[in-house]
Amino acid sequence: MVKSIVKMNGFETPEKAKKETKKRIKWLYKVDEPAHRLLAGRMEDCIDYRKQIGEKIGQPCNSRACFLCNKDLREKIVDEYVELIDGDPRDYMLMTIIPYQLWFKHHELDDFNLSRVKREFREQLKSAGFQGPIIGMFEMDFHTPDEVWGPHFHLILPYTDRNQRAYKNYQNMKNWSDAIEFAPHISHRPFHHERIKEGETTEVVSYIHKMMPRERTHYMDKDGKPNSRPRRLKDRLFADSLVKIDQWSYATLRIFWDKKGRW
């Protein structure tokens, strides 16, 4: 039996989602620029829409910057993907690909073109020989102390011999070390994958659907080994990332390749 995301430990309640959305509105208004104020106003209208009883006037904002709307979306789509995966007798894996050549400084955020990046990424997956279905999402984290945005992809796909070969093919397609020099504090790990454990499919599908940029701080642990920890973005960085995410639909953020190799 498929475990629904609403039964998952830690899944946000409507009250927590509303509280988080209000925090985002607050940060947007603090920046006090036209794009930030406009997004904050739409999210306020979204909260007001949800307060209405009976026949409602208006509609949700459906912004990927809105935590309430993301909660609605995750409740709808995560269970559908979990059913697809659990209905397949094959094992599945979570694969993360970090193309360091796409990393950039914060002042370049407005110019980042996700549609172009996705087109190139899809062609690379095809050339490597991956087999669907593939369910994936685009994410960005802000890495400190190097202060760079790190675009990356999380993919869920069958754990097959063919995809293992494709994984190696993809690794050999280019020199993935080329663009890491400007981020010396970051451990170079452009690829990693692991088999999804039985009973954890819902958690993994939910994980790749966070749709929330974070700060990732890099440091040396007590044994002198490189490590990192995620935490919430703050101030201007957080507000700017919300405005950027608002430009993208779920379809833009998503990677989906069916069993027949169709995007």
# chains A, B, ... in the order shown; residues from 1 in each chain; ligands from 1
>>> residues_around(residues="Arg122 (chain A)", least_positions_apart="2", cutoff="12 Å", atoms="only C-alpha atoms", output="MDAnalysis selection string")
chainID A and resid 115:120 124:130 134 136 153 155 170 254:257 261:263
>>> write_last_selection(atoms="N, CA, C and O atoms", output="short mmCIF file (atom, residue, chain, number, x, y, z; two decimals), in the first residue's frame")
data_model
loop_
_atom_site.label_atom_id
_atom_site.label_comp_id
_atom_site.auth_asym_id
_atom_site.auth_seq_id
_atom_site.Cartn_x
_atom_site.Cartn_y
_atom_site.Cartn_z
N SER A 115 15.19 27.30 -18.85
CA SER A 115 14.68 26.57 -20.02
C SER A 115 15.82 26.10 -20.91
O SER A 115 15.83 24.97 -21.40
N ARG A 116 16.79 26.97 -21.13
CA ARG A 116 17.94 26.59 -21.95
C ARG A 116 18.76 25.50 -21.28
O ARG A 116 19.18 24.52 -21.93
N VAL A 117 18.96 25.63 -19.98
CA VAL A 117 19.72 24.63 -19.23
C VAL A 117 19.04 23.27 -19.30
O VAL A 117 19.69 22.23 -19.49
N LYS A 118 17.72 23.24 -19.17
CA LYS A 118 16.98 21.98 -19.23
C LYS A 118 17.09 21.32 -20.60
O LYS A 118 17.22 20.09 -20.69
N ARG A 119 17.01 22.11 -21.65
CA ARG A 119 17.13 21.53 -23.00
C ARG A 119 18.47 20.83 -23.17
O ARG A 119 18.54 19.71 -23.68
N GLU A 120 19.53 21.48 -22.73
CA GLU A 120 20.86 20.88 -22.84
C GLU A 120 20.98 19.64 -21.96
O GLU A 120 21.58 18.64 -22.36
N GLN A 124 21.81 15.67 -22.99
CA GLN A 124 22.90 14.91 -22.38
C GLN A 124 22.42 13.57 -21.84
O GLN A 124 23.09 12.54 -22.00
N LEU A 125 21.24 13.56 -21.21
CA LEU A 125 20.69 12.30 -20.69
C LEU A 125 20.40 11.33 -21.82
O LEU A 125 20.66 10.12 -21.69
N LYS A 126 19.87 11.83 -22.92
CA LYS A 126 19.59 10.97 -24.07
C LYS A 126 20.88 10.39 -24.64
O LYS A 126 20.97 9.20 -24.93
N SER A 127 21.88 11.26 -24.80
CA SER A 127 23.15 10.81 -25.37
C SER A 127 23.82 9.76 -24.50
O SER A 127 24.46 8.83 -25.01
N ALA A 128 23.67 9.89 -23.19
CA ALA A 128 24.28 8.93 -22.27
C ALA A 128 23.59 7.58 -22.31
O ALA A 128 24.18 6.56 -21.94
N GLY A 129 22.30 7.54 -22.74
CA GLY A 129 21.59 6.27 -22.87
C GLY A 129 20.71 5.90 -21.71
O GLY A 129 20.40 4.72 -21.51
N PHE A 130 20.26 6.88 -20.94
CA PHE A 130 19.39 6.57 -19.80
C PHE A 130 18.04 6.05 -20.27
O PHE A 130 17.55 6.38 -21.35
N ILE A 134 11.83 8.62 -15.91
CA ILE A 134 12.66 9.46 -15.07
C ILE A 134 11.80 10.59 -14.51
O ILE A 134 11.12 11.28 -15.26
N GLY A 136 12.20 13.93 -12.13
CA GLY A 136 13.25 14.75 -11.55
C GLY A 136 12.82 16.18 -11.34
O GLY A 136 11.78 16.62 -11.82
N PHE A 153 20.36 18.94 -10.29
CA PHE A 153 19.18 18.14 -10.61
C PHE A 153 19.12 16.91 -9.72
O PHE A 153 20.13 16.25 -9.49
N LEU A 155 17.16 13.26 -9.73
CA LEU A 155 16.42 12.37 -10.63
C LEU A 155 16.10 11.06 -9.93
O LEU A 155 16.95 10.50 -9.22
N TYR A 170 27.65 9.16 -18.80
CA TYR A 170 27.43 10.58 -18.52
C TYR A 170 28.63 11.19 -17.80
O TYR A 170 29.04 12.31 -18.08
N ARG A 254 10.34 20.80 -13.47
CA ARG A 254 10.27 19.34 -13.50
C ARG A 254 11.04 18.74 -14.67
O ARG A 254 11.11 19.31 -15.75
N ILE A 255 11.61 17.56 -14.42
CA ILE A 255 12.15 16.69 -15.46
C ILE A 255 11.28 15.44 -15.48
O ILE A 255 11.14 14.76 -14.46
N PHE A 256 10.67 15.13 -16.61
CA PHE A 256 9.87 13.90 -16.69
C PHE A 256 10.07 13.25 -18.05
O PHE A 256 9.89 13.88 -19.09
N TRP A 257 10.45 12.02 -18.00
CA TRP A 257 10.72 11.23 -19.20
C TRP A 257 9.98 9.90 -19.02
O TRP A 257 10.27 9.15 -18.08
N GLY A 261 10.51 7.02 -23.59
CA GLY A 261 11.53 7.98 -23.93
C GLY A 261 10.99 9.33 -24.38
O GLY A 261 11.68 10.08 -25.05
N ARG A 262 9.72 9.62 -24.03
CA ARG A 262 9.13 10.90 -24.41
C ARG A 262 9.17 11.87 -23.24
O ARG A 262 8.84 11.51 -22.12
N TRP A 263 9.55 13.11 -23.53
CA TRP A 263 9.59 14.14 -22.49
C TRP A 263 8.20 14.75 -22.36
O TRP A 263 7.49 14.92 -23.31
#
>>> residues_around(residues="Tyr81 (chain A)", least_positions_apart="5", cutoff="12 Å", atoms="only C-alpha atoms", output="PyMOL selection string")
chain A and resi 2-5+74-76+86-88+133-136+156-157+201-206+208-209+256+258
>>> residues_around(residues="Ile196 (chain A)", least_positions_apart="3", cutoff="9 Å", atoms="only C-alpha atoms", output="mmCIF file with all heavy atoms, in the first residue's frame")
data_model
loop_
_atom_site.group_PDB
_atom_site.id
_atom_site.type_symbol
_atom_site.label_atom_id
_atom_site.label_comp_id
_atom_site.auth_asym_id
_atom_site.auth_seq_id
_atom_site.Cartn_x
_atom_site.Cartn_y
_atom_site.Cartn_z
ATOM 1 N N ASP A 91 13.689 -2.047 -8.997
ATOM 2 C CA ASP A 91 14.151 -1.099 -7.985
ATOM 3 C C ASP A 91 14.424 0.247 -8.648
ATOM 4 O O ASP A 91 14.682 0.330 -9.855
ATOM 5 C CB ASP A 91 15.437 -1.612 -7.325
ATOM 6 C CG ASP A 91 15.188 -2.797 -6.408
ATOM 7 O OD1 ASP A 91 14.036 -2.982 -5.980
ATOM 8 O OD2 ASP A 91 16.149 -3.532 -6.136
ATOM 9 N N TYR A 92 14.399 1.288 -7.834
ATOM 10 C CA TYR A 92 14.668 2.644 -8.327
ATOM 11 C C TYR A 92 15.814 3.255 -7.535
ATOM 12 O O TYR A 92 16.159 2.787 -6.436
ATOM 13 C CB TYR A 92 13.422 3.523 -8.210
ATOM 14 C CG TYR A 92 12.497 3.415 -9.400
ATOM 15 C CD1 TYR A 92 11.795 2.232 -9.646
ATOM 16 C CD2 TYR A 92 12.334 4.469 -10.287
ATOM 17 C CE1 TYR A 92 10.955 2.116 -10.745
ATOM 18 C CE2 TYR A 92 11.492 4.369 -11.384
ATOM 19 C CZ TYR A 92 10.807 3.198 -11.609
ATOM 20 O OH TYR A 92 9.984 3.078 -12.700
ATOM 21 N N MET A 93 16.412 4.298 -8.111
ATOM 22 C CA MET A 93 17.500 4.993 -7.436
ATOM 23 C C MET A 93 17.283 6.495 -7.501
ATOM 24 O O MET A 93 16.578 7.004 -8.385
ATOM 25 C CB MET A 93 18.853 4.639 -8.063
ATOM 26 C CG MET A 93 19.018 5.035 -9.504
ATOM 27 S SD MET A 93 20.666 4.599 -10.147
ATOM 28 C CE MET A 93 20.478 4.907 -11.901
ATOM 29 N N LEU A 94 17.884 7.189 -6.551
ATOM 30 C CA LEU A 94 17.933 8.647 -6.557
ATOM 31 C C LEU A 94 19.307 9.053 -7.055
ATOM 32 O O LEU A 94 20.324 8.646 -6.492
ATOM 33 C CB LEU A 94 17.697 9.201 -5.154
ATOM 34 C CG LEU A 94 17.920 10.712 -4.986
ATOM 35 C CD1 LEU A 94 16.926 11.500 -5.820
ATOM 36 C CD2 LEU A 94 17.831 11.105 -3.513
ATOM 37 N N ILE A 156 14.912 10.545 -10.157
ATOM 38 C CA ILE A 156 14.514 9.209 -9.697
ATOM 39 C C ILE A 156 14.282 8.362 -10.941
ATOM 40 O O ILE A 156 13.494 8.737 -11.819
ATOM 41 C CB ILE A 156 13.240 9.274 -8.837
ATOM 42 C CG1 ILE A 156 13.492 10.101 -7.566
ATOM 43 C CG2 ILE A 156 12.765 7.873 -8.473
ATOM 44 C CD1 ILE A 156 12.243 10.361 -6.745
ATOM 45 N N TYR A 159 16.732 1.401 -11.293
ATOM 46 C CA TYR A 159 18.083 0.949 -10.944
ATOM 47 C C TYR A 159 18.376 -0.293 -11.779
ATOM 48 O O TYR A 159 18.248 -1.431 -11.331
ATOM 49 C CB TYR A 159 18.150 0.635 -9.448
ATOM 50 C CG TYR A 159 19.540 0.399 -8.919
ATOM 51 C CD1 TYR A 159 20.370 1.470 -8.628
ATOM 52 C CD2 TYR A 159 20.021 -0.891 -8.704
ATOM 53 C CE1 TYR A 159 21.644 1.268 -8.123
ATOM 54 C CE2 TYR A 159 21.299 -1.105 -8.201
ATOM 55 C CZ TYR A 159 22.105 -0.016 -7.921
ATOM 56 O OH TYR A 159 23.374 -0.230 -7.426
ATOM 57 N N GLY A 199 10.044 1.131 1.239
ATOM 58 C CA GLY A 199 9.250 1.886 2.198
ATOM 59 C C GLY A 199 9.611 3.359 2.297
ATOM 60 O O GLY A 199 9.009 4.098 3.071
ATOM 61 N N GLU A 200 10.610 3.805 1.499
ATOM 62 C CA GLU A 200 11.045 5.206 1.584
ATOM 63 C C GLU A 200 10.756 6.004 0.310
ATOM 64 O O GLU A 200 11.229 7.124 0.159
ATOM 65 C CB GLU A 200 12.545 5.271 1.887
ATOM 66 C CG GLU A 200 12.911 4.752 3.275
ATOM 67 C CD GLU A 200 14.374 4.949 3.612
ATOM 68 O OE1 GLU A 200 15.115 5.453 2.730
ATOM 69 O OE2 GLU A 200 14.775 4.604 4.727
ATOM 70 N N THR A 201 9.947 5.432 -0.581
ATOM 71 C CA THR A 201 9.680 6.106 -1.852
ATOM 72 C C THR A 201 8.997 7.448 -1.639
ATOM 73 O O THR A 201 9.356 8.453 -2.269
ATOM 74 C CB THR A 201 8.804 5.222 -2.756
ATOM 75 O OG1 THR A 201 9.398 3.930 -2.875
ATOM 76 C CG2 THR A 201 8.666 5.837 -4.137
ATOM 77 N N VAL A 204 11.437 10.111 -0.532
ATOM 78 C CA VAL A 204 12.379 10.523 -1.568
ATOM 79 C C VAL A 204 11.699 11.419 -2.601
ATOM 80 O O VAL A 204 12.242 12.454 -3.008
ATOM 81 C CB VAL A 204 13.011 9.292 -2.245
ATOM 82 C CG1 VAL A 204 13.882 9.713 -3.430
ATOM 83 C CG2 VAL A 204 13.845 8.512 -1.245
#
>>> select_by_dssp(residues="region 133-188 of chain A", states="helix (DSSP H, G or I)", output="ChimeraX atom specification")
/A:161-171
>>> residues_around(residues="Phe191 (chain A)", least_positions_apart="6", cutoff="8 Å", atoms="only C-alpha atoms", output="MDAnalysis selection string")
chainID A and resid 95:98 171
>>> closest_residue(among="A:Arg50, A:Lys18, A:His193, A:Ala35", to="Gln164 (chain A)", atoms="only C-alpha atoms")
A:His193
>>> select_by_dssp(residues="region 5-244 of chain A", states="strand (DSSP E or B)", output="PyMOL selection string")
chain A and resi 92-97+104+134-144+148-158+191-195+214-220+226-232
>>> closest_residue(among="A:Gly132, A:Pro145, A:Gly150, A:Gly41", to="Leu109 (chain A)", atoms="only C-alpha atoms")
A:Gly150
>>> residues_around(residues="Glu44 (chain A)", least_positions_apart="4", cutoff="12 Å", atoms="only C-alpha atoms", output="list in words")
Lys18, Lys19, Thr21, Lys22, Lys23, Arg24, Ile25, Lys26, Leu28, Tyr29, Arg37, Leu38, Leu39, Ala40, Asp48, Tyr49, Arg50, Lys51, Gln59, Pro60, Cys61, Ser63, Cys66, Phe67 and Leu68 of chain A
>>> write_last_selection(atoms="C-alpha atoms", output="PDB file, in the first residue's frame")
ATOM      1  CA  LYS A  18       0.326  29.633   6.154  1.00  0.00           C
ATOM      2  CA  LYS A  19       2.894  30.769   8.705  1.00  0.00           C
ATOM      3  CA  THR A  21       3.978  31.964   3.496  1.00  0.00           C
ATOM      4  CA  LYS A  22       3.553  34.982   5.780  1.00  0.00           C
ATOM      5  CA  LYS A  23       7.284  34.896   6.561  1.00  0.00           C
ATOM      6  CA  ARG A  24       8.042  34.989   2.849  1.00  0.00           C
ATOM      7  CA  ILE A  25       5.706  37.934   2.365  1.00  0.00           C
ATOM      8  CA  LYS A  26       7.510  39.777   5.157  1.00  0.00           C
ATOM      9  CA  LEU A  28       9.645  40.354   0.156  1.00  0.00           C
ATOM     10  CA  TYR A  29       8.257  43.618   1.536  1.00  0.00           C
ATOM     11  CA  ARG A  37       6.065  43.979  -3.671  1.00  0.00           C
ATOM     12  CA  LEU A  38       3.997  42.555  -6.520  1.00  0.00           C
ATOM     13  CA  LEU A  39       4.784  38.960  -5.531  1.00  0.00           C
ATOM     14  CA  ALA A  40       4.091  39.698  -1.861  1.00  0.00           C
ATOM     15  CA  ASP A  48      -7.205  35.884   1.781  1.00  0.00           C
ATOM     16  CA  TYR A  49      -8.715  33.636  -0.898  1.00  0.00           C
ATOM     17  CA  ARG A  50      -8.246  30.603   1.314  1.00  0.00           C
ATOM     18  CA  LYS A  51     -10.021  32.312   4.223  1.00  0.00           C
ATOM     19  CA  GLN A  59      -8.091  32.070  -7.076  1.00  0.00           C
ATOM     20  CA  PRO A  60      -4.834  30.781  -5.541  1.00  0.00           C
ATOM     21  CA  CYS A  61      -1.700  32.533  -6.775  1.00  0.00           C
ATOM     22  CA  SER A  63       3.292  30.615  -7.537  1.00  0.00           C
ATOM     23  CA  CYS A  66       4.108  30.402  -2.275  1.00  0.00           C
ATOM     24  CA  PHE A  67       4.446  27.692   0.361  1.00  0.00           C
ATOM     25  CA  LEU A  68       0.665  27.184   0.544  1.00  0.00           C
TER      26      LEU A  68
END
>>> residues_around(residues="Leu253 (chain A)", least_positions_apart="3", cutoff="6 Å", atoms="only C-alpha atoms", output="list of chain:residue names")
A:Met137, A:Phe138, A:Tyr250
>>> closest_residue(among="A:Lys210, A:Lys71, A:His143, A:Arg216", to="His106 (chain A)", atoms="only C-alpha atoms")
A:His143
>>> atom_distance(atom1="CA of Met140 (chain A)", atom2="CA of Pro213 (chain A)")
5.6 Å
>>> closest_residue(among="A:Val243, A:Val78, A:Leu102, A:Cys46", to="Pro190 (chain A)", atoms="only C-alpha atoms")
A:Leu102
